[in-house]
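Input: a single structure, listed below in structure tokens.
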Amino acid sequence: MAKKTSPLLPTNELRLQQFGERIRLARLRRRLTAKQVAARAGMTTITLRNLERGGAGVTIGAYLAVMQVLGVERDLDLLLKDDSLGRDLQDAALPRQSRMPSRHAPSQQNRPSGTLSKPQRAVREDVVAVQEINDWNPGSDFVSSENLAALIRPVLPGHSKQQK
């Protein structure tokens, strides 16, 4: 006997039902019977009926088999194609790099100590600039993006200054 799946939230149950309904409509548009699709997908008509009703116990492999029969299996590639939440979480967990990795630096063998090549000086200047931005404090002369945006906001007719 199949293992019971954990319950879904009502909104996710609705999503699954809507997905099953879209599969059913795709089958009907192609003028295929449930018996034909079930046979081609290698399942019983009962499983196909559960799938078209959005049954949570139907495996994703069964969904993919039916999608293959209908010729829409590539739509599965669209799922999680752009995982913006996952990317944001991954980027938030990345350590901040305090110095450039040494494996990318050119050889220092023939260079007198204390001197840097042009590319190394440029990188050093960029790192210092980034550190200065990261070390910004509200009392400094640093101009924030909000202040810059306020400078370019359009002035409404009849107003001498734009109100925030």
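Going through the structure tokens in order, the chains are called A, B, and so on, while each chain numbers its residues from 1 and the ligands are numbered from 1 in the order shown.
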Name all residues at most 12 Å from Gly61 in chain A (count only C-alpha atoms; drop same-chain ones fewer than 6 positions away) and give them as a PDB file with C-alpha atoms, in the first residue's frame.
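Saved the output as around.pdb:
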ATOM      1  CA  ALA A  41       1.191   6.881 -20.173  1.00  0.00           C
ATOM      2  CA  GLY A  42       1.295   3.373 -18.712  1.00  0.00           C
ATOM      3  CA  MET A  43      -1.266   3.891 -15.938  1.00  0.00           C
ATOM      4  CA  THR A  47      -4.779   7.057 -11.727  1.00  0.00           C
ATOM      5  CA  LEU A  51      -4.224  13.131 -11.579  1.00  0.00           C
ATOM      6  CA  MET A  67       2.512  15.551 -20.017  1.00  0.00           C
ATOM      7  CA  GLN A  68       4.749  13.541 -22.382  1.00  0.00           C
ATOM      8  CA  GLU A  73       6.679  17.775 -21.029  1.00  0.00           C
ATOM      9  CA  LEU A  76       8.296  21.074 -16.524  1.00  0.00           C
TER      10      LEU A  76
END
Response to the item:
For Val66 in chain A, the closest of A:Arg87, A:Arg24, A:Lys81, A:Arg96 counting only C-alpha atoms is A:Arg24
Fill in: Residue nearest Ile60 in chain A among A:Leu94, A:Ala26, A:Ala39, A:Leu16 (counting only C-alpha atoms)
A:Leu16
Worksheet item: What is the distance, in Å and to one decimal place, between CA of Ala62 in chain A and CA of Gly20 in chain A?
Response: 11.6 Å
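For the atom pair formed by CA of Val37 in chain A and CA of Asn12 in chain A, the distance is 25.5 Å, given to one decimal.
Distances here use only C-alpha atoms; by that measure, the residue among A:Leu48, A:Gly86, A:Gly57, A:Asp91 closest to Leu8 in chain A is A:Gly57.
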Worksheet item: Which residue gives the smallest distance to Phe19 in chain A among A:Thr33, A:Gln90, A:Thr44, A:Asn50, with only C-alpha atoms counted?
Response: A:Asn50
